[in-house]
Amino acid sequence: MGFKIIGSSVNRLDAVSKVTGKAKYTNDFFEREMLCGKVLRSPYAHAVIKAIDVSEAKALPGVIAVFTSQDLPKLKYATAGHPWSIDPKHRDIEDRMILTDKARYVGDSVAAVVAQDEIIAKEALKLIKVDYEVLPHVLDPEKALEKGAPIIHEERPNNIVNDFGNEYGDYEKDFMNAQHIMEGVYDTSIVQHCHIETQTAYAYIDTDDRIVIVSSTQIPHIARRVVGQALGLSWGKIRVIKPHIGGGFGNKQEVIIEPLVAAMTIFSHGLPVRYTMTREECFISSRTRHAIKFSLKTALTKDNKLQAIHVLGISNTGSYASHGHSIIMSATSKFRPLYNFKSFKIEPKTVYTNLPAAGAMRAYGVPQMIFALESHIDDICRKLDLDPIEFRKQNLVSVGHEDPISHVVVRSIGLSECIDKGKELIKWEQKRANYKEQTGDKRRGLGMACFSYFSGTHPVSLEVAGARIILNQDGSVQLQVGATEIGQGADTAFAQMVAEVLGISIDMVHVISTQDTDITPFDTGAYASRQTYITGAAVKKAALEVKNKILTIASRKIGLQIDALDINDATIIEKKLGKEICSLGEIAMEAFYDRTHSHPITSDTSVNIRTNAIAYGVTFVEVEVDMKTGVIEVIEIYNVHDSGTIINHKAALGQVHGGVSMGLGYALSEKLMFDEKTGRPLNNNLLDYKLQTIMDTPKIGVDFVETYEETGSFGQKSLGENPTISPAPAVRNAVLDATGVSFNKLPLNPQTVFEKFKTEGLL
Amino acid sequence: MFSIKKIYQPITLAEALEIYTSNPQLKIIAGGTDVLISLHHGKLDDVELLSIKNLTELTGINYLTDGTIEIGTMTTFTEIFRNEIINKYIPILAEASVSMGGPQIRNNATIGGNICNGAVSADSAPTLFVLNADLRIVNNEGVRIVPITEFYAGPGKVKLQSGEILTHIIIKKADYKGMYGKYIKFSNRKAMDIAMLSVATLGKVKNNKFTDLRIALGVSAPTPIRCTKAESFAFNKTIKEELIKQISEKTLLNANPRHSWRGSKVYREHLIQVLTERALKEIITMSGGKWHE
């Protein structure tokens with residue numbers, strides 16, 4: 001499209017400050033006499049708190065405050081980072097309090113302590129006496145659905161958070177007329193984000209009697225609202241500041257500790273209090289990824305076209321609803337613009353259990369769904385002796401496809417080209433042929449998996465985004481957005497957009513990276529891979545407004561029409577002749593200081609986006625399986641994405657590397673484990689939770705097919721979460737190719753592989 | 001913040017022994033990579049520490065005139081795996097040392113700490129077991145030498161009396177000369193992980209027969225162990241595929257792995273055999289032997 005700065009690999013704006021340690025994160029800020037907050041957590045998976053005695057803890061020298069649910073307003077609130085819904089029917093489930101009066105998982109927050117330092121705070125926790133009445137607990141969602149199962153929330157005695165499904169087309173008939181009906185059950189495990197910086201925040205009451213919270217959050221404006229709701233305070237009384245953040249991956253698209261730190265400062269005379277989760281706490285008391293078990297049934301026509309699908313999903317949301325109901329909804333709707341099913345029936349169930357609450361995590365339910373679907377597709381192909389690539393290609397949707405339920409329209413799709421690229425990169429034909437008859441201890445195989453994903457949340461949620469630009473005297477600008485930089489590179493992408501529209505260089509765009517709800521334009525934050533697509537539209541709109549104001553002054557000065565002018569290299573030019581007229585700085589100076597017309601140039605605008613753009617991609621992988629030990633090694637891996645216009649190639653590459661590595665951990669090693677008998681977490685630390693290291697990560701190949709998406713402000717679609725979706729099923733399919741064994745539960749860690757090989761008689 | 005009540009930081013061994021003798025409640029801290037984790041988990045609240053970090057007498061690796069190799073217990077794993085003497089004479093210890101943790105851990109963690117922590121998964125243990133390493137232990141009254149194979153008492157327990165400090169690890173020439181070794185650490189990750197199981201083998205081959213074979217296992221019993229039954233079975237037998245299999249099976253006569261969520265007993269027993277077989281084949285190849293007909 002003839003862009004100059006869009007598509008170029010400019011350096012991340014925060015690269016130098018981050019690698020030199022200059023960038024400030026939440027815990028780099030200090031207030032005088034900062035106090036330390038700590039939380040007493042339940043040792044029981046399910047227990048009524050009959051009484052709490054905090055007197056001894058309160059009496060400990062150095063303790064400022066000790067409080068429990070008894071001391072807080074009895075307000076239940078929802079923690080999911082979604083835009084507020086004016087319609088009560090579309091609101092998130094309000095099932096949580098800042099501190100609980102009933103323990104629903106091992107780790108539930110029972111009491112809070114504020115002390116002069118951490119050691120005193122920890123000592124005080126030991127002095128709190130809690131009288132628990134232990135109740136039977138349930139960890140398995142299928143057991144939680146049984147009659148007589150422990151009731152986790154009185155409001156939902158059947159333990160079902162939500163079971164709203166969808167149905168479309170003549171589903172019964174399609175199954176009746178099917179040539180083949182295929183079935184499979186695919187299950188995933190509970191995993192965790194493992195962002196480097198755990199949940200952390202500090203709060204104080206300022207001189208105007210307002211609560212100021214500095215927090216590592218993806219969603220400052222939502223955090224402000226939820227703190228207000230949780231404490232029964234007017235929202236304007238709350239101010240949330242978000243500095244640099246050490247990763248979130250969805251786990252900070254949730255208001256987890258902000259209401260608590262606000263309460264801590266309230267109970268401490270407004271003194272500053274910091275609360276930082278330990279890694280062990282973060283594993284269980286922030287959020288996890290839902291384990292979802294999908295039972296799929298598909299109907300195929302005689303020419304091997306996918307005709308109908310039945311999806312039955314049971315999602316384990318743990319002890320609190322969090323994002324629960326909307327995650328399985330996302331999972332079961334974002335896969336639909338991939339294959340051309342004529343009818344479907346979707347029956348999801350989101351179920352409470354006595355486990356840590358599951359919430360938003362990169363790609364929001366879709367990795368679970370795509371693991372099921374793409375494993376199922378390979379199982380079909382193997383059974384019917386079909387080429388898995390050709391089969392997929394024959395069943396893809398095409399431009400113009402409209403989802404019958406959401407009415408989201410496919411306006412661009414480059415998946416077929418992505419598949420061709422991936423196939424060539426990994427040398428599919430040649431290697432598949434070579435690996436046909438293997439017998440040794442080490443066997444190789446190839447696999448692939450496709451995915452579709454959305455850009456933002458429309459039409460399920462509101463998609464509003466704000467941007468503000470201020471022109472400086474030298475022609476440079478400040479850009480402010482409400483969407484947050486969380487390491488994904490959004491600020492750099494936005495700066496490129498501004499530079500592109502205004503015809504200035506990237507170093508003339510200063511992005512105010514910190515969000516402050518008192519100052520920052522309204523935007524709901526970083527999630528759903530929405531920033532470049534949604535916020536990008538607001539940024540473009542603001543930049544166009546500034547450009548128009550600049551050219552208005554230039555037009556007045558020069559006498560040419562606005563349409564005849566443009567800005568190039570920070571110089572006003574006559575478009576047609578390419579003739580340079582004056583510098584942008586000169587116009588800016590007039591805007592500031594002209595005695596007659598002075599009117600400094602700014603724009604402050606927002607957009608409400610009511611479209612969605614479907615992004616696509618594919619993973620190709622080669623594995624080597626040690627048939628004796630069960631160890632699976634990834635030899636080669638390629639992710640090829642259709643994310644529309646790539647705004648910044650270098651940043652996009654980084655995004656894909658991170659996403660694929662997360663996907664490989666999901667495929668091969670990560671699993672949060674719990675003791676069946678007690679519900680206690682077994683491996684909530686980074687030694688026993690097998691997050692992969694760089695030594696485990698193969699070289700990751702990346703490529704793009706750049707379609708142009710008409711609804712994107714620069715032709716772009718989402719990319720943030722996408723790379724993490726398809727690696728797991730691709731690895732699983734490669735293992736199937738290498739060994740002939742279908743693994744239908746993640747992860748494929750050595751112990752699991754060993755057991756399965758034994759059952760299959762391979763060992 | 002750690003809940004440390006007091007820390008002594010002597011600079012000579014004599015001073016350290018004196019402090020320790022009069023304060024037997026002290027917990028010794030070397031590199032800190034285990035002690036600080038215990039503190040973090042609240043298992044050592046209000047601890048009084050005796051740091052042996054500044055005891056230069058406990059550092060360094062020496063090659064003595066009779067070929068004995070002496071390793072100071074405060075030597076870090078980074079120092080060990082980069083050391084010329086270790087790489088020349090006992091490369092298997094370098095292999096074990098570099099498998100431990102990640103660079104930051106290896107820069108701090110000491111071999112003495114690794115042993116005294118008593119972990120069944122200690123990466124240095126199986127290798128030191130096959131090397132018949134001796135431990136020099138001192139107290140205010142004198143010195144005693146204990147074979148490492150007799151030092152472990154149970155999971156997390158070693159036979160160190162109050163007032164005693166482990167100062168050196170001693171490996172005699174006869175225990176490494178002409179021997180080839182292989183350490184295999186089995187873990188879920190390639191770095192920053194503890195062993196789910198580990199095997200060290202050290203052997204000498206003459207005329208395609210094992211004239212000396214030692215096999216040690218980690219995470220296969222309440223302490224690291226030697227597979228004495230498999231070792232004596234292998235002695236002077238002609239190497240064949242079948243023999244390797246039999247030796248590997250016989251390792252189970254000494255092993256008794258635990259069943260836990262970290263790994264099942266059945267899987268560990270299977271791994272012991274598979275990994276022993278693989279390690280044996282490696283040392284046979286290194287020694288110029290062969291198992292193919």
# chains A, B, ... in the order shown; residues from 1 in each chain; ligands from 1

call {"tool": "interface_residues", "arguments": {"of": "chain A", "to": "chain B", "cutoff": "8 Å", "atoms": "only C-alpha atoms", "output": "list of chain:residue names"}}
result
A:Glu118, A:Ile119, A:Lys628, A:Thr629, A:Ser669, A:Leu687, A:Asp688, A:Lys690, A:Gln692, A:Thr693, A:Met695, A:Asp696, A:Asn749, A:Pro750, A:Gln751, A:Phe754, A:Glu755

call {"tool": "write_last_selection", "arguments": {"atoms": "N, CA and C atoms", "output": "compact mmCIF listing (two decimals), in the first residue's frame"}}
result
# COMPACT_ATOMS: atom_id res chain seq x y z
N GLU A 118 8.23 -6.89 55.72
CA GLU A 118 7.74 -8.20 55.31
C GLU A 118 7.84 -9.24 56.41
N ILE A 119 8.94 -9.18 57.16
CA ILE A 119 9.14 -10.20 58.19
C ILE A 119 8.07 -10.07 59.28
N LYS A 628 11.99 -45.00 23.86
CA LYS A 628 12.31 -45.68 25.12
C LYS A 628 12.02 -44.81 26.35
N THR A 629 12.33 -43.51 26.24
CA THR A 629 12.16 -42.65 27.41
C THR A 629 10.89 -41.81 27.34
N SER A 669 5.25 -29.82 28.28
CA SER A 669 5.73 -29.95 29.66
C SER A 669 4.90 -29.28 30.75
N LEU A 687 10.45 -24.37 39.81
CA LEU A 687 11.28 -25.57 39.68
C LEU A 687 10.40 -26.75 39.27
N ASP A 688 9.29 -26.91 39.94
CA ASP A 688 8.46 -28.09 39.70
C ASP A 688 7.42 -27.89 38.60
N LYS A 690 6.97 -27.07 34.96
CA LYS A 690 7.99 -27.18 33.92
C LYS A 690 7.80 -26.20 32.77
N GLN A 692 9.25 -24.08 29.99
CA GLN A 692 10.46 -24.40 29.23
C GLN A 692 11.50 -23.30 29.33
N THR A 693 12.75 -23.68 29.23
CA THR A 693 13.84 -22.70 29.23
C THR A 693 14.29 -22.48 27.79
N MET A 695 17.00 -23.31 26.62
CA MET A 695 17.69 -24.53 26.20
C MET A 695 16.72 -25.56 25.61
N ASP A 696 15.46 -25.46 25.99
CA ASP A 696 14.46 -26.41 25.48
C ASP A 696 13.80 -25.89 24.20
N ASN A 749 4.17 -34.91 28.20
CA ASN A 749 5.43 -34.96 28.94
C ASN A 749 5.91 -36.40 29.02
N PRO A 750 7.19 -36.62 29.32
CA PRO A 750 7.75 -37.97 29.24
C PRO A 750 6.95 -39.02 30.02
N GLN A 751 6.53 -38.68 31.23
CA GLN A 751 5.77 -39.65 32.03
C GLN A 751 4.50 -40.08 31.29
N PHE A 754 5.33 -42.19 28.22
CA PHE A 754 5.73 -43.54 28.67
C PHE A 754 4.50 -44.38 28.96
N GLU A 755 3.57 -43.83 29.72
CA GLU A 755 2.37 -44.59 30.10
C GLU A 755 1.56 -45.00 28.88

call {"tool": "select_by_dssp", "arguments": {"residues": "stretch 202-254 of chain B", "states": "helix (DSSP H, G or I)", "output": "list of chain:residue names"}}
result
B:Thr228, B:Lys229, B:Ala230, B:Glu231, B:Ser232, B:Phe233, B:Ala234, B:Glu241, B:Glu242, B:Leu243, B:Ile244, B:Lys245, B:Gln246, B:Ile247, B:Ser248, B:Glu249, B:Lys250, B:Thr251, B:Leu252, B:Leu253

call {"tool": "write_last_selection", "arguments": {"atoms": "C-alpha atoms", "output": "PDB file, in the first residue's frame"}}
result
ATOM      1  CA  THR B 228      26.951 -53.175  43.637  1.00  0.00           C
ATOM      2  CA  LYS B 229      25.097 -56.246  42.403  1.00  0.00           C
ATOM      3  CA  ALA B 230      25.134 -55.147  38.781  1.00  0.00           C
ATOM      4  CA  GLU B 231      28.777 -54.128  39.124  1.00  0.00           C
ATOM      5  CA  SER B 232      30.002 -57.486  40.428  1.00  0.00           C
ATOM      6  CA  PHE B 233      27.864 -59.313  37.894  1.00  0.00           C
ATOM      7  CA  ALA B 234      29.576 -57.380  35.086  1.00  0.00           C
ATOM      8  CA  GLU B 241      24.352 -56.500  23.787  1.00  0.00           C
ATOM      9  CA  GLU B 242      22.826 -59.148  26.020  1.00  0.00           C
ATOM     10  CA  LEU B 243      25.301 -58.456  28.826  1.00  0.00           C
ATOM     11  CA  ILE B 244      24.509 -54.748  28.781  1.00  0.00           C
ATOM     12  CA  LYS B 245      20.859 -55.584  29.095  1.00  0.00           C
ATOM     13  CA  GLN B 246      21.504 -57.941  31.990  1.00  0.00           C
ATOM     14  CA  ILE B 247      23.679 -55.412  33.828  1.00  0.00           C
ATOM     15  CA  SER B 248      21.006 -52.769  33.387  1.00  0.00           C
ATOM     16  CA  GLU B 249      18.351 -55.097  34.747  1.00  0.00           C
ATOM     17  CA  LYS B 250      20.498 -55.948  37.748  1.00  0.00           C
ATOM     18  CA  THR B 251      20.760 -52.265  38.734  1.00  0.00           C
ATOM     19  CA  LEU B 252      17.222 -52.691  39.997  1.00  0.00           C
ATOM     20  CA  LEU B 253      18.492 -55.105  42.657  1.00  0.00           C
TER      21      LEU B 253
END

call {"tool": "residues_around", "arguments": {"residues": "B:Pro126", "least_positions_apart": "2", "cutoff": "10 Å", "atoms": "only C-alpha atoms", "output": "JSON, numbers by chain"}}
result
{"B": [93, 96, 120, 121, 122, 123, 124, 128, 129, 130, 131, 132, 148, 149, 183, 184, 185, 198, 199, 200, 201, 215, 216, 217, 218, 219, 223, 224, 225, 226]}

call {"tool": "atom_distance", "arguments": {"atom1": "atom CA of B:Lys157", "atom2": "atom CA of A:Leu686"}}
result
24.4 Å

call {"tool": "closest_residue", "arguments": {"among": "B:Glu95, B:Glu70, B:Glu277, B:Asp212", "to": "B:Arg82", "atoms": "only C-alpha atoms"}}
result
B:Glu95

call {"tool": "select_by_dssp", "arguments": {"residues": "stretch 175-235 of chain A", "states": "strand (DSSP E)", "output": "ChimeraX atom specification"}}
result
/A:180-187,200-205,211-215

call {"tool": "write_last_selection", "arguments": {"atoms": "C-alpha atoms", "output": "short mmCIF file (atom, residue, chain, number, x, y, z; two decimals), in the first residue's frame"}}
result
data_model
loop_
_atom_site.label_atom_id
_atom_site.label_comp_id
_atom_site.auth_asym_id
_atom_site.auth_seq_id
_atom_site.Cartn_x
_atom_site.Cartn_y
_atom_site.Cartn_z
CA HIS A 180 -18.80 -40.66 7.88
CA ILE A 181 -19.32 -39.65 11.48
CA MET A 182 -16.15 -39.15 13.47
CA GLU A 183 -15.80 -38.74 17.20
CA GLY A 184 -13.02 -37.84 19.56
CA VAL A 185 -12.40 -36.53 23.07
CA TYR A 186 -9.57 -34.07 23.65
CA ASP A 187 -8.48 -32.73 26.99
CA THR A 200 2.09 -6.26 42.38
CA ALA A 201 0.61 -2.91 43.33
CA TYR A 202 0.82 -0.21 45.94
CA ALA A 203 -1.76 2.28 47.08
CA TYR A 204 -2.06 5.39 49.21
CA ILE A 205 -4.61 8.08 49.90
CA ILE A 211 -7.05 6.48 46.51
CA VAL A 212 -4.05 6.26 44.20
CA ILE A 213 -3.06 2.79 43.04
CA VAL A 214 0.10 2.07 41.08
CA SER A 215 -0.34 -1.36 39.60
#

call {"tool": "residues_around", "arguments": {"residues": "stretch 71-76 of chain B", "least_positions_apart": "4", "cutoff": "10 Å", "atoms": "only C-alpha atoms", "output": "number ranges by chain"}}
result
B: 30-31, 52-63, 80-81, 86, 97, 105-116, 135-136, 165-171

call {"tool": "residues_around", "arguments": {"residues": "stretch 647-661 of chain A", "least_positions_apart": "3", "cutoff": "7 Å", "atoms": "only C-alpha atoms", "output": "list in words"}}
result
Ile6, Gly7, Ser8, Ser9, Val10, Gln488, Gly489, Ala493, Leu664, Gly665, Thr697, Ile700, Val702, Gly720, Glu721, Pro723, Thr724 and Pro727 of chain A

call {"tool": "write_last_selection", "arguments": {"atoms": "N, CA and C atoms", "output": "tab-separated table (two decimals), in the first residue's frame"}}
result
chain	number	residue	atom	x	y	z
A	6	ILE	N	5.01	2.21	8.36
A	6	ILE	CA	4.27	0.98	8.62
A	6	ILE	C	4.98	-0.12	7.85
A	7	GLY	N	5.28	-1.22	8.53
A	7	GLY	CA	5.93	-2.34	7.85
A	7	GLY	C	7.44	-2.33	8.00
A	8	SER	N	7.99	-1.20	8.45
A	8	SER	CA	9.45	-1.18	8.64
A	8	SER	C	9.76	-1.70	10.04
A	9	SER	N	11.01	-2.17	10.20
A	9	SER	CA	11.39	-2.75	11.49
A	9	SER	C	12.07	-1.71	12.37
A	10	VAL	N	11.33	-0.66	12.74
A	10	VAL	CA	11.94	0.31	13.65
A	10	VAL	C	12.15	-0.38	15.01
A	488	GLN	N	4.14	-6.21	24.40
A	488	GLN	CA	3.82	-6.70	23.05
A	488	GLN	C	4.28	-5.75	21.96
A	489	GLY	N	4.65	-4.53	22.34
A	489	GLY	CA	5.16	-3.58	21.35
A	489	GLY	C	4.10	-2.63	20.82
A	493	ALA	N	4.11	0.29	17.65
A	493	ALA	CA	3.20	0.20	16.50
A	493	ALA	C	2.38	1.49	16.36
A	664	LEU	N	4.73	-24.37	22.94
A	664	LEU	CA	5.50	-25.61	23.08
A	664	LEU	C	5.50	-26.09	24.53
A	665	GLY	N	5.54	-25.16	25.46
A	665	GLY	CA	5.42	-25.54	26.87
A	665	GLY	C	4.08	-26.21	27.13
A	697	THR	N	14.09	-24.64	23.88
A	697	THR	CA	13.38	-24.00	22.77
A	697	THR	C	14.16	-24.16	21.47
A	700	ILE	N	12.98	-21.04	16.07
A	700	ILE	CA	11.60	-20.90	15.63
A	700	ILE	C	11.56	-20.14	14.31
A	702	VAL	N	9.69	-18.19	11.31
A	702	VAL	CA	8.50	-17.35	11.22
A	702	VAL	C	8.36	-16.79	9.82
A	720	GLY	N	-1.16	-10.63	18.39
A	720	GLY	CA	-0.64	-10.80	19.76
A	720	GLY	C	-0.73	-12.20	20.32
A	721	GLU	N	-1.94	-12.72	20.41
A	721	GLU	CA	-2.13	-14.03	21.05
A	721	GLU	C	-1.95	-15.18	20.06
A	723	PRO	N	0.12	-16.56	17.89
A	723	PRO	CA	1.17	-17.58	17.69
A	723	PRO	C	1.12	-18.73	18.69
A	724	THR	N	0.42	-18.56	19.79
A	724	THR	CA	0.42	-19.60	20.82
A	724	THR	C	-0.67	-20.65	20.60
A	727	PRO	N	0.74	-24.38	17.93
A	727	PRO	CA	1.86	-25.31	18.15
A	727	PRO	C	1.48	-26.64	18.81

call {"tool": "residues_around", "arguments": {"residues": "B:Glu141", "least_positions_apart": "3", "cutoff": "12 Å", "atoms": "only C-alpha atoms", "output": "VMD selection string"}}
result
chain B and resid 14 17 to 18 21 137 to 138 144 163 to 165

call {"tool": "residues_around", "arguments": {"residues": "A:Met673", "least_positions_apart": "4", "cutoff": "9 Å", "atoms": "only C-alpha atoms", "output": "short mmCIF file (atom, residue, chain, number, x, y, z; two decimals) with N, CA and C atoms, in the first residue's frame"}}
result
data_model
loop_
_atom_site.label_atom_id
_atom_site.label_comp_id
_atom_site.auth_asym_id
_atom_site.auth_seq_id
_atom_site.Cartn_x
_atom_site.Cartn_y
_atom_site.Cartn_z
N SER A 189 -4.70 -29.46 30.10
CA SER A 189 -4.39 -29.33 31.52
C SER A 189 -4.43 -27.87 31.96
N ILE A 190 -4.38 -27.68 33.27
CA ILE A 190 -4.30 -26.33 33.81
C ILE A 190 -2.86 -25.85 33.68
N ARG A 680 -4.47 -29.46 47.49
CA ARG A 680 -3.28 -28.61 47.59
C ARG A 680 -2.48 -28.62 46.29
N PRO A 681 -1.93 -27.46 45.96
CA PRO A 681 -1.10 -27.44 44.75
C PRO A 681 0.21 -28.18 45.01
N LEU A 682 0.67 -28.93 44.01
CA LEU A 682 1.90 -29.71 44.19
C LEU A 682 3.11 -28.99 43.63
N ASN A 683 2.90 -28.21 42.59
CA ASN A 683 4.08 -27.67 41.90
C ASN A 683 3.93 -26.18 41.59
N ASN A 684 3.49 -25.41 42.57
CA ASN A 684 3.31 -23.97 42.31
C ASN A 684 4.62 -23.20 42.53
N TYR A 689 7.10 -26.65 38.29
CA TYR A 689 6.23 -26.36 37.15
C TYR A 689 7.16 -26.23 35.95
N TRP B 261 4.37 -37.72 42.45
CA TRP B 261 3.81 -36.98 41.33
C TRP B 261 4.91 -36.48 40.40
#

call {"tool": "decode", "arguments": {"residues": "stretch 209-231 of chain A", "atoms": "C-alpha atoms", "output": "PDB file, in the first residue's frame"}}
result
ATOM      1  CA  ASP A 209      -8.583  12.097  49.839  1.00  0.00           C
ATOM      2  CA  ARG A 210      -8.501   9.983  46.718  1.00  0.00           C
ATOM      3  CA  ILE A 211      -7.052   6.478  46.515  1.00  0.00           C
ATOM      4  CA  VAL A 212      -4.055   6.261  44.197  1.00  0.00           C
ATOM      5  CA  ILE A 213      -3.057   2.789  43.041  1.00  0.00           C
ATOM      6  CA  VAL A 214       0.102   2.074  41.078  1.00  0.00           C
ATOM      7  CA  SER A 215      -0.343  -1.357  39.596  1.00  0.00           C
ATOM      8  CA  SER A 216       1.053  -3.852  37.152  1.00  0.00           C
ATOM      9  CA  THR A 217      -2.145  -4.100  35.137  1.00  0.00           C
ATOM     10  CA  GLN A 218      -3.229  -4.504  31.531  1.00  0.00           C
ATOM     11  CA  ILE A 219      -6.467  -2.630  32.203  1.00  0.00           C
ATOM     12  CA  PRO A 220      -6.099   0.546  34.304  1.00  0.00           C
ATOM     13  CA  HIS A 221      -9.508   2.022  33.460  1.00  0.00           C
ATOM     14  CA  ILE A 222     -11.296  -1.231  34.271  1.00  0.00           C
ATOM     15  CA  ALA A 223      -9.246  -1.582  37.463  1.00  0.00           C
ATOM     16  CA  ARG A 224     -10.495   1.824  38.581  1.00  0.00           C
ATOM     17  CA  ARG A 225     -14.102   0.809  38.055  1.00  0.00           C
ATOM     18  CA  VAL A 226     -13.755  -2.548  39.824  1.00  0.00           C
ATOM     19  CA  VAL A 227     -11.964  -1.020  42.830  1.00  0.00           C
ATOM     20  CA  GLY A 228     -14.876   1.405  43.118  1.00  0.00           C
ATOM     21  CA  GLN A 229     -17.374  -1.462  42.930  1.00  0.00           C
ATOM     22  CA  ALA A 230     -15.504  -3.700  45.367  1.00  0.00           C
ATOM     23  CA  LEU A 231     -15.243  -1.011  48.017  1.00  0.00           C
TER      24      LEU A 231
END
